[in-house]
Structure formats: structure tokens, C-alpha cells
$ cat entry_19.cif   # mmCIF, C-alpha atoms, pLDDT in the B column; chains and numbers go by the auth columns
data_query
#
loop_
_atom_site.group_PDB
_atom_site.id
_atom_site.type_symbol
_atom_site.label_atom_id
_atom_site.label_comp_id
_atom_site.label_asym_id
_atom_site.label_seq_id
_atom_site.Cartn_x
_atom_site.Cartn_y
_atom_site.Cartn_z
_atom_site.B_iso_or_equiv
_atom_site.auth_seq_id
_atom_site.auth_asym_id
ATOM 1 C CA MET A 1 -5.820 -22.134 2.438 60.00 1 A
ATOM 2 C CA THR A 2 -2.370 -21.241 3.736 75.00 2 A
ATOM 3 C CA THR A 3 -1.830 -17.950 5.530 83.00 3 A
ATOM 4 C CA LEU A 4 1.561 -16.474 4.798 93.00 4 A
ATOM 5 C CA ALA A 5 3.928 -15.956 7.715 96.00 5 A
ATOM 6 C CA PHE A 6 4.242 -12.370 8.928 97.00 6 A
ATOM 7 C CA PRO A 7 7.863 -11.896 7.718 97.00 7 A
ATOM 8 C CA VAL A 8 6.825 -13.157 4.282 97.00 8 A
ATOM 9 C CA LEU A 9 3.934 -10.677 4.187 97.00 9 A
ATOM 10 C CA LEU A 10 6.323 -7.828 5.028 98.00 10 A
ATOM 11 C CA ARG A 11 8.804 -8.919 2.353 98.00 11 A
ATOM 12 C CA LEU A 12 6.054 -9.157 -0.252 98.00 12 A
ATOM 13 C CA ILE A 13 4.619 -5.739 0.675 98.00 13 A
ATOM 14 C CA ASP A 14 8.103 -4.329 0.130 98.00 14 A
ATOM 15 C CA GLU A 15 8.528 -6.184 -3.178 98.00 15 A
ATOM 16 C CA ARG A 16 5.123 -5.094 -4.510 98.00 16 A
ATOM 17 C CA SER A 17 5.860 -1.520 -3.377 98.00 17 A
ATOM 18 C CA ASN A 18 9.138 -1.597 -5.303 98.00 18 A
ATOM 19 C CA ALA A 19 7.311 -2.905 -8.379 98.00 19 A
ATOM 20 C CA PHE A 20 4.708 -0.138 -8.002 98.00 20 A
ATOM 21 C CA ARG A 21 7.420 2.528 -7.862 98.00 21 A
ATOM 22 C CA ALA A 22 9.130 0.983 -10.889 98.00 22 A
ATOM 23 C CA ALA A 23 5.898 1.320 -12.871 98.00 23 A
ATOM 24 C CA VAL A 24 5.489 4.944 -11.781 98.00 24 A
ATOM 25 C CA ALA A 25 9.138 5.641 -12.653 98.00 25 A
ATOM 26 C CA SER A 26 8.753 4.288 -16.185 97.00 26 A
ATOM 27 C CA ALA A 27 5.411 5.890 -17.012 97.00 27 A
ATOM 28 C CA PRO A 28 5.449 8.419 -19.850 96.00 28 A
ATOM 29 C CA SER A 29 3.449 10.812 -17.650 97.00 29 A
ATOM 30 C CA LEU A 30 1.930 10.918 -14.196 98.00 30 A
ATOM 31 C CA ASP A 31 -1.236 12.267 -15.806 98.00 31 A
ATOM 32 C CA VAL A 32 -2.020 9.096 -17.778 97.00 32 A
ATOM 33 C CA GLN A 33 -5.407 7.592 -16.942 97.00 33 A
ATOM 34 C CA VAL A 34 -5.464 4.285 -15.060 98.00 34 A
ATOM 35 C CA PRO A 35 -7.702 1.965 -17.135 97.00 35 A
ATOM 36 C CA THR A 36 -8.725 -0.162 -14.145 97.00 36 A
ATOM 37 C CA CYS A 37 -9.463 2.931 -12.026 94.00 37 A
ATOM 38 C CA PRO A 38 -10.926 5.228 -14.712 92.00 38 A
ATOM 39 C CA GLU A 39 -11.523 8.118 -12.332 96.00 39 A
ATOM 40 C CA TRP A 40 -7.802 8.282 -11.490 97.00 40 A
ATOM 41 C CA THR A 41 -4.576 9.314 -13.132 98.00 41 A
ATOM 42 C CA LEU A 42 -1.360 7.513 -12.259 98.00 42 A
ATOM 43 C CA PHE A 43 -0.564 10.399 -9.898 98.00 43 A
ATOM 44 C CA ASP A 44 -3.928 9.894 -8.161 98.00 44 A
ATOM 45 C CA LEU A 45 -3.161 6.181 -7.757 98.00 45 A
ATOM 46 C CA ALA A 46 0.294 6.968 -6.356 98.00 46 A
ATOM 47 C CA GLN A 47 -1.215 9.484 -3.942 97.00 47 A
ATOM 48 C CA HIS A 48 -3.759 6.859 -2.823 96.00 48 A
ATOM 49 C CA ILE A 49 -0.976 4.325 -2.225 97.00 49 A
ATOM 50 C CA GLY A 50 1.244 6.734 -0.272 97.00 50 A
ATOM 51 C CA GLU A 51 -1.489 8.207 1.885 95.00 51 A
ATOM 52 C CA GLY A 52 -2.974 4.769 2.531 94.00 52 A
ATOM 53 C CA ARG A 53 0.336 3.317 3.717 96.00 53 A
ATOM 54 C CA ARG A 54 0.859 6.315 6.016 95.00 54 A
ATOM 55 C CA ASP A 55 -2.657 5.993 7.435 92.00 55 A
ATOM 56 C CA TRP A 56 -2.238 2.278 8.068 94.00 56 A
ATOM 57 C CA ALA A 57 1.163 2.886 9.684 95.00 57 A
ATOM 58 C CA ALA A 58 -0.525 5.275 12.138 92.00 58 A
ATOM 59 C CA THR A 59 -3.380 2.806 12.674 92.00 59 A
ATOM 60 C CA VAL A 60 -1.035 -0.079 13.454 95.00 60 A
ATOM 61 C CA ALA A 61 1.042 2.120 15.782 93.00 61 A
ATOM 62 C CA ALA A 62 -2.112 3.195 17.663 91.00 62 A
ATOM 63 C CA GLY A 63 -3.134 -0.390 18.437 89.00 63 A
ATOM 64 C CA PRO A 64 -6.801 -1.192 19.115 85.00 64 A
ATOM 65 C CA ALA A 65 -7.913 2.450 19.380 78.00 65 A
ATOM 66 C CA PRO A 66 -8.818 4.162 16.088 72.00 66 A
ATOM 67 C CA ALA A 67 -5.960 6.370 14.945 65.00 67 A
ATOM 68 C CA LYS A 68 -6.182 9.879 13.665 66.00 68 A
ATOM 69 C CA SER A 69 -5.542 10.026 9.940 64.00 69 A
ATOM 70 C CA ALA A 70 -1.829 10.281 9.215 59.00 70 A
ATOM 71 C CA ALA A 71 -2.658 12.292 6.112 56.00 71 A
ATOM 72 C CA GLU A 72 -3.693 15.229 8.292 65.00 72 A
ATOM 73 C CA GLY A 73 -0.662 17.468 8.549 69.00 73 A
ATOM 74 C CA ALA A 74 1.554 15.018 6.623 74.00 74 A
ATOM 75 C CA PRO A 75 3.457 16.122 3.549 82.00 75 A
ATOM 76 C CA ALA A 76 1.282 15.971 0.466 90.00 76 A
ATOM 77 C CA ALA A 77 2.240 13.767 -2.445 94.00 77 A
ATOM 78 C CA PRO A 78 4.693 15.798 -4.523 96.00 78 A
ATOM 79 C CA ARG A 79 3.941 16.261 -8.231 96.00 79 A
ATOM 80 C CA GLU A 80 7.594 15.987 -9.308 97.00 80 A
ATOM 81 C CA ARG A 81 8.344 12.351 -10.192 97.00 81 A
ATOM 82 C CA GLU A 82 11.598 11.796 -8.258 97.00 82 A
ATOM 83 C CA ALA A 83 10.161 13.449 -5.152 98.00 83 A
ATOM 84 C CA LEU A 84 6.987 11.373 -5.539 98.00 84 A
ATOM 85 C CA LEU A 85 9.028 8.167 -5.746 98.00 85 A
ATOM 86 C CA ALA A 86 10.918 9.106 -2.574 98.00 86 A
ATOM 87 C CA TRP A 87 7.632 9.960 -0.826 97.00 87 A
ATOM 88 C CA LEU A 88 6.186 6.596 -1.853 98.00 88 A
ATOM 89 C CA ALA A 89 9.276 4.757 -0.558 98.00 89 A
ATOM 90 C CA GLU A 90 9.010 6.636 2.747 97.00 90 A
ATOM 91 C CA SER A 91 5.298 5.775 2.974 97.00 91 A
ATOM 92 C CA THR A 92 6.053 2.072 2.564 98.00 92 A
ATOM 93 C CA GLU A 93 8.875 2.230 5.098 98.00 93 A
ATOM 94 C CA GLN A 94 6.570 3.885 7.646 97.00 94 A
ATOM 95 C CA LEU A 95 4.081 1.046 7.217 98.00 95 A
ATOM 96 C CA LEU A 96 6.713 -1.695 7.398 98.00 96 A
ATOM 97 C CA ASP A 97 8.344 -0.108 10.473 98.00 97 A
ATOM 98 C CA ALA A 98 4.985 0.082 12.262 97.00 98 A
ATOM 99 C CA LEU A 99 4.200 -3.536 11.390 98.00 99 A
ATOM 100 C CA ARG A 100 7.630 -4.765 12.510 98.00 100 A
ATOM 101 C CA LYS A 101 7.333 -2.930 15.838 98.00 101 A
ATOM 102 C CA ALA A 102 3.803 -4.248 16.439 97.00 102 A
ATOM 103 C CA GLY A 103 4.439 -7.840 15.401 97.00 103 A
ATOM 104 C CA PRO A 104 1.694 -10.032 13.959 97.00 104 A
ATOM 105 C CA ASP A 105 -0.501 -10.546 17.024 96.00 105 A
ATOM 106 C CA ARG A 106 -0.972 -7.033 18.378 95.00 106 A
ATOM 107 C CA GLY A 107 -4.564 -5.830 18.434 93.00 107 A
ATOM 108 C CA CYS A 108 -5.306 -3.202 15.831 92.00 108 A
ATOM 109 C CA TRP A 109 -8.360 -1.237 14.798 89.00 109 A
ATOM 110 C CA THR A 110 -9.659 -2.349 11.398 88.00 110 A
ATOM 111 C CA TRP A 111 -12.620 -1.441 9.250 84.00 111 A
ATOM 112 C CA TRP A 112 -13.546 -5.133 9.054 85.00 112 A
ATOM 113 C CA GLY A 113 -14.355 -5.453 12.750 78.00 113 A
ATOM 114 C CA ASP A 114 -17.522 -7.531 12.340 81.00 114 A
ATOM 115 C CA SER A 115 -15.979 -10.049 9.939 82.00 115 A
ATOM 116 C CA GLN A 116 -14.229 -13.344 10.630 82.00 116 A
ATOM 117 C CA SER A 117 -10.820 -11.752 9.996 83.00 117 A
ATOM 118 C CA PRO A 118 -8.850 -10.957 13.136 89.00 118 A
ATOM 119 C CA GLN A 119 -8.280 -7.371 14.171 91.00 119 A
ATOM 120 C CA THR A 120 -4.501 -7.682 14.414 94.00 120 A
ATOM 121 C CA SER A 121 -1.488 -6.113 12.780 96.00 121 A
ATOM 122 C CA GLY A 122 -0.932 -9.455 11.029 96.00 122 A
ATOM 123 C CA ALA A 123 -4.338 -9.166 9.374 94.00 123 A
ATOM 124 C CA VAL A 124 -3.498 -5.582 8.398 96.00 124 A
ATOM 125 C CA ALA A 125 -0.264 -6.825 6.797 97.00 125 A
ATOM 126 C CA ARG A 126 -2.246 -9.367 4.756 95.00 126 A
ATOM 127 C CA HIS A 127 -4.687 -6.665 3.671 95.00 127 A
ATOM 128 C CA GLN A 128 -1.853 -4.302 2.760 97.00 128 A
ATOM 129 C CA LEU A 129 -0.242 -6.981 0.596 97.00 129 A
ATOM 130 C CA GLN A 130 -3.562 -7.359 -1.234 96.00 130 A
ATOM 131 C CA GLN A 131 -3.754 -3.580 -1.712 96.00 131 A
ATOM 132 C CA MET A 132 -0.217 -3.362 -3.038 98.00 132 A
ATOM 133 C CA ALA A 133 -0.684 -6.368 -5.329 97.00 133 A
ATOM 134 C CA VAL A 134 -3.879 -5.007 -6.899 97.00 134 A
ATOM 135 C CA HIS A 135 -2.630 -1.445 -7.301 98.00 135 A
ATOM 136 C CA THR A 136 0.776 -2.506 -8.603 98.00 136 A
ATOM 137 C CA TYR A 137 -1.058 -4.424 -11.302 97.00 137 A
ATOM 138 C CA ASP A 138 -3.186 -1.312 -11.970 98.00 138 A
ATOM 139 C CA ALA A 139 -0.010 0.756 -12.424 98.00 139 A
ATOM 140 C CA GLN A 140 1.574 -1.879 -14.657 98.00 140 A
ATOM 141 C CA ILE A 141 -1.528 -2.041 -16.869 98.00 141 A
ATOM 142 C CA THR A 142 -1.400 1.746 -17.100 97.00 142 A
ATOM 143 C CA ILE A 143 2.111 1.678 -18.564 97.00 143 A
ATOM 144 C CA GLY A 144 1.289 -1.270 -20.833 97.00 144 A
ATOM 145 C CA ALA A 145 3.524 -3.726 -18.957 96.00 145 A
ATOM 146 C CA PRO A 146 1.324 -5.913 -16.728 95.00 146 A
ATOM 147 C CA GLN A 147 3.172 -8.705 -14.952 95.00 147 A
ATOM 148 C CA SER A 148 1.815 -11.819 -13.326 93.00 148 A
ATOM 149 C CA LEU A 149 1.628 -11.752 -9.567 91.00 149 A
ATOM 150 C CA PRO A 150 4.354 -13.702 -7.803 89.00 150 A
ATOM 151 C CA GLY A 151 3.113 -17.159 -6.827 90.00 151 A
ATOM 152 C CA GLU A 152 3.337 -16.379 -3.106 89.00 152 A
ATOM 153 C CA VAL A 153 0.956 -13.467 -3.523 90.00 153 A
#
$ encode --input "entry_19.cif" --output "C-alpha cells"
Amino acid sequence: MTTLAFPVLLRLIDERSNAFRAAVASAPSLDVQVPTCPEWTLFDLAQHIGEGRRDWAATVAAGPAPAKSAAEGAPAAPREREALLAWLAESTEQLLDALRKAGPDRGCWTWWGDSQSPQTSGAVARHQLQQMAVHTYDAQITIGAPQSLPGEV
């Protein structure tokens, strides 16, 4: 198995985030149910993505010590579509900025501490690419336009 280089992971996180926002932008409604996450609407999925990227940005920035949730005191996901898209873009940029500043080898708290995966910002980047890939596909299925994952992913 080949592990993608850190800059490639960051590029792919950005690309998948753009594809996610494109799906949200073209949805007929933010209140449509996500078939692969039946408890969630598309807005709920977008909120999950934005808050998750902000939390992981704070986690990466904090290093090995557990970070306080970035969602506490942060702006809530706006219900208006254009504002939501801007909030999502800002959430992704916060994550990418934190990852770039940390680099791939910096120690980082993770929830998978007892596994074989390293507790580094590089491992977080790999996990975040997986998150964005899966949830972008969820959003695309929701709007009836699923796309194959890029080969690198």
C-alpha cells in the first residue's frame, strides 16, 4: 500500500472540499435527506463537515495535547446557502492552514491512539481526506449526481 505524500493529501482534501461545496451549491434544498446518512439533511451533513474541519484544525494546532473543541464559541453554520458555502470554505482553509503549519510529522492528539496509525498531523491529513471523500460522495448521492472518487483517493 502506498501512503500519499503530505502535499498530495492537502491538495486532495481541498479538491474533495470543493466538490462537496459544489454538491451543496447545486442541491434543490438544504433540507433534502441524505440517503446514506438517513438521520441527516444536507444541511446537517454540511454542518458536520464544517464543524469537524474546525475541530481538527484546532486539534492539529494544539499538537499532542487534546484541544478544546473549536465549535465552542465558533460561528454556527449559517442556514442561508451562500453564507453556508463561505463558512464551509473557511472551515477547510482553517484545517489546511493548521496542517501546513504543523507539517506531516508533528505529534498530534488523535482518537485512534491505541492503533497502529501514527499520532501525527500527517495521519490526521489522511483521515481528513477519507472523511471528505466519503461525505462528498454522500452529498453527491443526495443530489442524484454521484461521481467516482479520483484514482489518487
$ residues_around --input "entry_19.cif" --residues "range 104-121 of chain A" --least-positions-apart "4" --cutoff "12 Å" --atoms "only C-alpha atoms" --output "VMD selection string"
chain A and resid 3 to 10 55 to 68 95 to 100 125 to 128
$ write_last_selection --input "entry_19.cif" --atoms "C-alpha atoms" --output "PDB file, keeping the file's coordinate frame"
ATOM      1  CA  THR A   3      -1.830 -17.950   5.530  1.00 83.00           C
ATOM      2  CA  LEU A   4       1.561 -16.474   4.798  1.00 93.00           C
ATOM      3  CA  ALA A   5       3.928 -15.956   7.715  1.00 96.00           C
ATOM      4  CA  PHE A   6       4.242 -12.370   8.928  1.00 97.00           C
ATOM      5  CA  PRO A   7       7.863 -11.896   7.718  1.00 97.00           C
ATOM      6  CA  VAL A   8       6.825 -13.157   4.282  1.00 97.00           C
ATOM      7  CA  LEU A   9       3.934 -10.677   4.187  1.00 97.00           C
ATOM      8  CA  LEU A  10       6.323  -7.828   5.028  1.00 98.00           C
ATOM      9  CA  ASP A  55      -2.657   5.993   7.435  1.00 92.00           C
ATOM     10  CA  TRP A  56      -2.238   2.278   8.068  1.00 94.00           C
ATOM     11  CA  ALA A  57       1.163   2.886   9.684  1.00 95.00           C
ATOM     12  CA  ALA A  58      -0.525   5.275  12.138  1.00 92.00           C
ATOM     13  CA  THR A  59      -3.380   2.806  12.674  1.00 92.00           C
ATOM     14  CA  VAL A  60      -1.035  -0.079  13.454  1.00 95.00           C
ATOM     15  CA  ALA A  61       1.042   2.120  15.782  1.00 93.00           C
ATOM     16  CA  ALA A  62      -2.112   3.195  17.663  1.00 91.00           C
ATOM     17  CA  GLY A  63      -3.134  -0.390  18.437  1.00 89.00           C
ATOM     18  CA  PRO A  64      -6.801  -1.192  19.115  1.00 85.00           C
ATOM     19  CA  ALA A  65      -7.913   2.450  19.380  1.00 78.00           C
ATOM     20  CA  PRO A  66      -8.818   4.162  16.088  1.00 72.00           C
ATOM     21  CA  ALA A  67      -5.960   6.370  14.945  1.00 65.00           C
ATOM     22  CA  LYS A  68      -6.182   9.879  13.665  1.00 66.00           C
ATOM     23  CA  LEU A  95       4.081   1.046   7.217  1.00 98.00           C
ATOM     24  CA  LEU A  96       6.713  -1.695   7.398  1.00 98.00           C
ATOM     25  CA  ASP A  97       8.344  -0.108  10.473  1.00 98.00           C
ATOM     26  CA  ALA A  98       4.985   0.082  12.262  1.00 97.00           C
ATOM     27  CA  LEU A  99       4.200  -3.536  11.390  1.00 98.00           C
ATOM     28  CA  ARG A 100       7.630  -4.765  12.510  1.00 98.00           C
ATOM     29  CA  ALA A 125      -0.264  -6.825   6.797  1.00 97.00           C
ATOM     30  CA  ARG A 126      -2.246  -9.367   4.756  1.00 95.00           C
ATOM     31  CA  HIS A 127      -4.687  -6.665   3.671  1.00 95.00           C
ATOM     32  CA  GLN A 128      -1.853  -4.302   2.760  1.00 97.00           C
TER      33      GLN A 128
END
$ closest_residue --input "entry_19.cif" --among "A:Leu42, A:Ala123, A:Ile141, A:Leu129" --to "Ser29 in chain A" --atoms "only C-alpha atoms"
A:Leu42
$ axis_aligned_box --input "entry_19.cif" --around "range 34-38 of chain A" --padding-each-side "3 Å" --output "JSON"
{"center_x": -8.2, "center_y": 2.5, "center_z": -14.6, "size_x": 11.5, "size_y": 11.4, "size_z": 11.1}
$ residues_around --input "entry_19.cif" --residues "Pro75 in chain A" --least-positions-apart "6" --cutoff "12 Å" --atoms "only C-alpha atoms" --output "number ranges by chain"
A: 47, 50-51, 54, 83-84, 86-88, 90-91
$ atom_distance --input "entry_19.cif" --atom1 "CA of Leu30 in chain A" --atom2 "CA of Phe43 in chain A"
5.0 Å
$ resolve_selection --input "entry_19.cif" --expression "the PyMOL selection byres ((chain A and resi 137) around 12)" --output "PyMOL selection string"
chain A and resi 16-17+19-24+34-37+42+45+130-136+138-150
$ atom_distance --input "entry_19.cif" --atom1 "CA of Ala89 in chain A" --atom2 "CA of Val32 in chain A"
21.0 Å
$ closest_residue --input "entry_19.cif" --among "A:Ala102, A:Val153, A:Ala74, A:Ala46" --to "Ala25 in chain A" --atoms "all atoms listed in the file"
A:Ala46
$ closest_residue --input "entry_19.cif" --among "A:Lys101, A:Val124, A:Gly151, A:Glu93" --to "Asp14 in chain A" --atoms "only C-alpha atoms"
A:Glu93
$ atom_distance --input "entry_19.cif" --atom1 "CA of Gly103 in chain A" --atom2 "CA of Gly122 in chain A"
7.1 Å
